[in-house]
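Novice: Handing over upload08.csv, CSV, C-alpha atoms.
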```
chain,number,residue,atom,x,y,z
R,121,MET,CA,-113.5,97.1,93.9
R,122,PRO,CA,-113.3,96.9,90.1
R,123,GLU,CA,-111.8,100.5,90.1
R,124,GLU,CA,-109.0,99.3,92.3
R,125,ALA,CA,-108.2,96.4,89.9
R,126,GLU,CA,-108.1,98.8,87.0
R,127,THR,CA,-105.7,101.2,88.7
R,128,THR,CA,-103.4,98.4,89.7
R,129,GLN,CA,-103.3,97.2,86.1
R,130,GLU,CA,-102.6,100.7,84.9
R,131,GLU,CA,-99.8,101.1,87.5
R,132,ILE,CA,-98.3,97.8,86.4
R,133,LYS,CA,-98.4,98.9,82.8
R,134,GLU,CA,-96.7,102.2,83.7
R,135,GLU,CA,-94.0,100.4,85.7
R,136,LYS,CA,-93.3,98.1,82.8
R,137,LYS,CA,-92.9,101.1,80.5
R,138,GLU,CA,-90.5,102.7,82.9
R,139,GLU,CA,-88.5,99.4,83.1
R,140,GLU,CA,-88.3,99.2,79.3
R,141,LYS,CA,-86.9,102.7,79.0
R,142,LYS,CA,-84.0,102.1,81.4
R,143,PRO,CA,-80.7,101.5,79.6
R,144,VAL,CA,-78.8,98.3,80.3
R,145,VAL,CA,-75.9,99.0,82.6
R,146,TYR,CA,-73.0,96.6,82.7
R,147,GLU,CA,-71.1,96.7,85.9
R,148,GLY,CA,-67.3,96.5,85.8
R,149,ALA,CA,-67.2,97.2,82.0
R,150,ALA,CA,-66.1,100.2,80.1
R,151,ALA,CA,-69.0,102.5,79.3
R,152,GLY,CA,-70.2,102.0,75.7
R,153,LYS,CA,-68.2,98.8,75.2
R,154,TYR,CA,-71.2,96.6,74.9
R,155,ASN,CA,-73.8,99.1,73.6
R,156,TRP,CA,-74.2,97.5,70.1
R,157,ASP,CA,-78.0,97.7,70.1
R,158,ASP,CA,-78.1,101.1,68.3
R,159,ALA,CA,-75.2,100.4,65.9
R,160,LYS,CA,-75.7,101.5,62.3
R,161,LYS,CA,-76.2,98.8,59.8
R,162,GLY,CA,-74.1,98.3,56.6
R,163,GLY,CA,-71.2,100.5,57.7
R,164,ASP,CA,-67.7,100.1,56.3
R,165,ALA,CA,-65.0,100.2,59.0
R,166,ASP,CA,-62.4,101.2,56.4
R,167,LYS,CA,-64.3,104.4,55.5
R,168,ASP,CA,-65.0,105.3,59.1
R,169,VAL,CA,-61.3,105.4,60.1
R,170,GLN,CA,-59.9,106.8,56.9
R,171,GLY,CA,-57.0,108.8,58.1
R,172,GLU,CA,-53.8,109.5,56.2
R,173,ALA,CA,-52.1,106.1,56.7
R,174,ILE,CA,-52.8,103.3,54.3
R,175,SER,CA,-52.5,100.0,56.1
R,176,LYS,CA,-54.5,97.6,53.9
R,177,TYR,CA,-52.3,95.9,51.3
R,178,SER,CA,-51.0,92.6,50.0
R,179,TRP,CA,-47.7,91.5,48.6
R,180,SER,CA,-46.1,88.8,46.5
R,181,ASP,CA,-42.5,87.7,45.9
R,182,GLY,CA,-41.2,87.4,42.3
R,183,LYS,CA,-37.7,86.5,41.0
R,184,LYS,CA,-36.4,90.0,40.5
R,185,THR,CA,-39.2,92.1,42.1
R,186,VAL,CA,-41.5,92.1,45.1
R,187,SER,CA,-44.9,93.4,44.4
R,188,ILE,CA,-47.1,95.4,46.9
R,189,TYR,CA,-50.7,95.7,45.9
R,190,ILE,CA,-52.7,98.6,47.2
R,191,GLU,CA,-56.5,98.8,46.5
R,192,LEU,CA,-58.4,101.9,47.4
R,193,GLU,CA,-61.9,103.1,46.3
R,194,GLY,CA,-61.6,105.9,43.8
R,195,LEU,CA,-57.9,105.3,43.0
R,196,ASP,CA,-58.6,105.1,39.3
R,197,ASP,CA,-59.8,108.7,39.3
R,198,VAL,CA,-56.5,110.0,40.8
R,199,ALA,CA,-54.2,111.7,38.3
R,200,ASP,CA,-50.8,110.1,37.6
R,201,ASP,CA,-48.9,113.2,38.9
R,202,ALA,CA,-50.8,112.9,42.2
R,203,LEU,CA,-49.1,109.6,43.0
R,204,THR,CA,-45.5,109.9,44.3
R,205,CYS,CA,-43.2,106.9,45.1
R,206,ASP,CA,-40.0,107.1,47.2
R,207,SER,CA,-37.6,104.4,48.3
R,208,GLY,CA,-34.4,103.8,50.2
R,209,GLU,CA,-32.4,100.6,50.7
R,210,GLN,CA,-34.9,99.1,53.1
R,211,GLU,CA,-37.9,101.4,52.9
R,212,VAL,CA,-40.6,102.3,50.4
R,213,SER,CA,-43.5,104.8,50.4
R,214,LEU,CA,-46.4,106.0,48.2
R,215,THR,CA,-48.1,109.3,48.7
R,216,ILE,CA,-51.5,110.1,47.1
R,217,ALA,CA,-51.9,113.9,47.0
R,218,SER,CA,-55.7,113.7,47.1
R,219,LEU,CA,-58.1,110.8,47.2
R,220,ALA,CA,-61.7,111.8,48.0
R,221,GLY,CA,-60.3,115.1,49.3
R,222,LYS,CA,-57.8,113.5,51.7
R,223,ARG,CA,-54.0,113.0,51.5
R,224,ARG,CA,-53.2,109.3,51.9
R,225,ARG,CA,-49.8,107.7,52.5
R,226,PHE,CA,-48.4,104.1,52.5
R,227,ALA,CA,-45.0,103.6,54.0
R,228,LEU,CA,-43.0,100.5,55.0
R,229,SER,CA,-39.6,100.7,56.6
R,230,ASN,CA,-37.3,97.9,57.8
R,231,LEU,CA,-37.9,95.8,54.7
R,232,SER,CA,-36.5,92.2,55.1
R,233,ASN,CA,-34.0,92.7,52.3
R,234,GLU,CA,-32.5,95.6,50.4
R,235,ILE,CA,-34.0,97.1,47.2
R,236,ASP,CA,-32.6,99.2,44.4
R,237,GLY,CA,-35.7,101.2,43.7
R,238,VAL,CA,-39.5,101.1,43.1
R,239,LYS,CA,-41.7,101.3,40.1
R,240,LEU,CA,-45.3,102.3,40.2
R,241,VAL,CA,-47.8,100.3,38.0
R,242,ARG,CA,-51.5,101.2,37.8
R,243,LYS,CA,-54.2,98.7,37.3
R,244,LYS,CA,-56.9,100.8,35.7
R,245,GLY,CA,-60.5,99.6,36.3
R,246,LYS,CA,-59.5,97.8,39.5
R,247,ASN,CA,-58.7,100.8,41.8
R,248,THR,CA,-55.3,99.3,42.4
R,249,VAL,CA,-51.7,100.3,42.2
R,250,VAL,CA,-48.7,98.0,42.4
R,251,LEU,CA,-45.4,99.0,43.8
R,252,LYS,CA,-42.7,96.9,42.1
R,253,LEU,CA,-39.7,96.8,44.5
R,254,GLN,CA,-36.5,96.0,42.5
R,255,LYS,CA,-34.5,93.4,44.5
R,256,LYS,CA,-30.9,94.1,45.1
R,257,GLU,CA,-30.2,90.4,45.2
R,258,GLU,CA,-32.3,87.7,43.5
R,259,LYS,CA,-33.2,85.8,46.6
R,260,THR,CA,-36.5,84.7,48.1
R,261,TRP,CA,-38.2,87.0,50.5
R,262,TYR,CA,-40.0,85.0,53.2
R,263,SER,CA,-41.4,88.1,54.8
R,264,LEU,CA,-41.9,91.7,53.6
R,265,VAL,CA,-40.6,93.4,56.7
R,266,GLU,CA,-38.2,92.2,59.4
R,267,SER,CA,-39.9,91.2,62.5
R,268,SER,CA,-38.4,92.2,65.8
R,269,GLY,CA,-38.8,88.7,67.3
R,270,ARG,CA,-36.4,86.8,65.1
R,271,GLY,CA,-34.3,84.1,66.6
R,272,GLY,CA,-30.5,84.6,66.9
R,273,GLY,CA,-28.9,81.6,65.4
R,274,ASP,CA,-25.7,82.0,67.5
R,275,ASP,CA,-24.5,78.9,69.3
R,276,ASP,CA,-23.1,80.9,72.2
R,277,ASP,CA,-26.3,82.7,73.1
R,278,GLY,CA,-27.1,80.2,75.8
R,279,ALA,CA,-29.4,78.0,73.8
R,280,GLY,CA,-27.4,74.8,74.5
R,281,GLY,CA,-28.1,72.2,71.8
R,282,MET,CA,-30.7,74.3,70.1
R,283,GLY,CA,-28.4,76.4,67.9
R,284,GLY,CA,-29.8,75.1,64.7
R,285,MET,CA,-33.4,76.4,65.5
R,286,GLY,CA,-32.4,80.1,65.3
R,287,GLY,CA,-32.9,80.7,61.7
R,288,MET,CA,-36.6,79.9,61.4
R,289,GLY,CA,-37.6,83.6,61.1
R,290,GLY,CA,-41.3,84.3,61.0
R,291,MET,CA,-42.5,80.7,61.4
R,292,ASP,CA,-44.4,79.8,64.5
R,293,MET,CA,-45.4,76.4,65.9
R,294,ALA,CA,-49.1,76.8,64.8
R,295,SER,CA,-48.2,77.4,61.2
R,296,MET,CA,-45.8,74.5,61.2
R,297,MET,CA,-48.5,72.2,62.6
R,298,GLY,CA,-51.0,73.6,60.1
R,299,GLY,CA,-48.7,72.7,57.3
R,300,MET,CA,-48.3,69.1,58.5
R,301,GLY,CA,-52.1,68.6,58.1
R,302,GLY,CA,-52.5,68.0,61.8
R,303,GLY,CA,-51.7,64.2,61.6
R,304,MET,CA,-49.3,64.0,64.5
R,305,GLY,CA,-51.0,60.9,66.0
R,306,GLY,CA,-51.3,61.5,69.7
R,307,MET,CA,-48.4,63.9,70.3
R,308,ASP,CA,-49.1,66.9,72.3
R,309,MET,CA,-47.1,70.2,72.7
R,310,ALA,CA,-45.8,69.3,76.2
R,311,SER,CA,-44.3,66.0,75.0
R,312,MET,CA,-42.8,67.7,71.9
R,313,MET,CA,-41.3,70.5,74.0
R,314,GLY,CA,-40.0,67.9,76.5
R,315,GLY,CA,-38.3,66.0,73.7
R,316,MET,CA,-36.6,69.2,72.5
R,317,GLY,CA,-34.8,69.8,75.8
R,318,GLY,CA,-37.4,72.1,77.5
R,319,MET,CA,-37.1,75.2,75.3
```
The structure in this file should be written as structure tokens.
Specialist:
Amino acid sequence: MPEEAETTQEEIKEEKKEEEKKPVVYEGAAAGKYNWDDAKKGGDADKDVQGEAISKYSWSDGKKTVSIYIELEGLDDVADDALTCDSGEQEVSLTIASLAGKRRRFALSNLSNEIDGVKLVRKKGKNTVVLKLQKKEEKTWYSLVESSGRGGGDDDDGAGGMGGMGGMGGMDMASMMGGMGGGMGGMDMASMMGGMGGM
């Protein structure tokens, strides 16, 4: 009798080991989508997908220029003649001949306003370059590139009494509400939209 008890305990241990080795299968999901258990630690997503295109940048609007800031690891080590800028009336590009053995390129087209040219300024010690876009007209840039979803502004586009709302550009209701501090006192979106004539 004691031998039978031992074998059943051993069988149970073996069954548990087999159960532990089976991978978790998620039905109805893409294979690999939720397999995060074996993910590497401390990886940098930017380094993993480093192709030619540079998509990480920031920008600011000045009186006569618009500045685009591009920060890349190892940019200070790149020679000046390896950096090439090009621009059109509504486009700008920067090409880095070789950064860590790879050609890199930043390009924007469909700028929100026209420019006369571009000047490259290096920030040594910060791995940063600044593209100074020379404005054709001294006016405020509310966005860097034109968005395809801009409102029309025509009164005869079927908007009825809403003609004045068209020129709001890149603002959305969430950013407007955020700027108001949220103190709307009991108004909800449905009642606001109802008061606007059911946009």
Novice: In the coordinates of the file, take the point (-40.2, 88.1, 54.9) and a cut-off of 9 Å; then, counting all atoms listed in the file, name each qualifying protein, DNA or RNA residue as a list in words.
Specialist: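 With a cut-off of 9 Å, the residues come to Leu231, Ser232, Asn233, Thr260, Trp261, Tyr262, Ser263, Leu264, Val265, Glu266, Ser267, Gly289 and Gly290 of chain R.
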Novice: Since we have the selection now, will you write its residues out, keeping C-alpha atoms, as a compact mmCIF listing (two decimals), in the coordinates of the input?
Specialist:
```
# COMPACT_ATOMS: atom_id res chain seq x y z
CA LEU R 231 -37.90 95.80 54.70
CA SER R 232 -36.50 92.20 55.10
CA ASN R 233 -34.00 92.70 52.30
CA THR R 260 -36.50 84.70 48.10
CA TRP R 261 -38.20 87.00 50.50
CA TYR R 262 -40.00 85.00 53.20
CA SER R 263 -41.40 88.10 54.80
CA LEU R 264 -41.90 91.70 53.60
CA VAL R 265 -40.60 93.40 56.70
CA GLU R 266 -38.20 92.20 59.40
CA SER R 267 -39.90 91.20 62.50
CA GLY R 289 -37.60 83.60 61.10
CA GLY R 290 -41.30 84.30 61.00
```
Novice: Just to confirm, what's the straight-line distance from atom CA of R:Asp200 to atom CA of R:Ala227 in Å (one decimal)?
Specialist: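 Taking atom CA of R:Asp200 as the start and atom CA of R:Ala227 as the end point, the length is 18.6 Å.
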Novice: Pick from R:Asn230, R:Thr248, R:Thr215, R:Gln210: nearest to R:Tyr177, with all atoms listed in the file counted?
Specialist: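 Looking only at the distances to R:Tyr177, the closest residue turns out to be R:Thr248.
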Novice: Give me, as a list in words, all polymer residues having an atom no more than 9 Å from R:Lys176, counting all atoms listed in the file and skipping those fewer than 3 positions away in the same chain.
Specialist: Ile190, Glu191 and Leu192 of chain R
Novice: Provide the atom CA of R:Gly221 to atom CA of R:Gly237 distance in Å, to one decimal place.
Specialist: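 Atom CA of R:Gly237 lies 28.8 Å from atom CA of R:Gly221.
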Novice: Can you work out the spacing between atom CA of R:Ala220 and atom CA of R:Ile174 in Å, to one decimal?
Specialist: 13.8 Å
Novice: Under the rule that only C-alpha atoms are counted, which of R:Thr204, R:Thr185, R:Ser180, R:Lys246 is the nearest residue to R:Ile216?
Specialist: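 Looking only at the distances to R:Ile216, the closest residue turns out to be R:Thr204.
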Novice: In the coordinate frame of the file, compute which residues have an atom within 12 Å of (-55.3, 113.2, 52.4) when using all atoms listed in the file, and state them as a list in words.
Specialist: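 Final list of nearby residues, as requested, is Gln170, Gly171, Glu172, Ala173, Ile174, Ala202, Leu203, Thr215, Ile216, Ala217, Ser218, Leu219, Ala220, Gly221, Lys222, Arg223, Arg224, Arg225 and Phe226 of chain R.
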Novice: Save the residues we just selected, C-alpha atoms, as a compact mmCIF listing (two decimals), in the coordinates of the input?
Specialist:
```
# COMPACT_ATOMS: atom_id res chain seq x y z
CA GLN R 170 -59.90 106.80 56.90
CA GLY R 171 -57.00 108.80 58.10
CA GLU R 172 -53.80 109.50 56.20
CA ALA R 173 -52.10 106.10 56.70
CA ILE R 174 -52.80 103.30 54.30
CA ALA R 202 -50.80 112.90 42.20
CA LEU R 203 -49.10 109.60 43.00
CA THR R 215 -48.10 109.30 48.70
CA ILE R 216 -51.50 110.10 47.10
CA ALA R 217 -51.90 113.90 47.00
CA SER R 218 -55.70 113.70 47.10
CA LEU R 219 -58.10 110.80 47.20
CA ALA R 220 -61.70 111.80 48.00
CA GLY R 221 -60.30 115.10 49.30
CA LYS R 222 -57.80 113.50 51.70
CA ARG R 223 -54.00 113.00 51.50
CA ARG R 224 -53.20 109.30 51.90
CA ARG R 225 -49.80 107.70 52.50
CA PHE R 226 -48.40 104.10 52.50
```
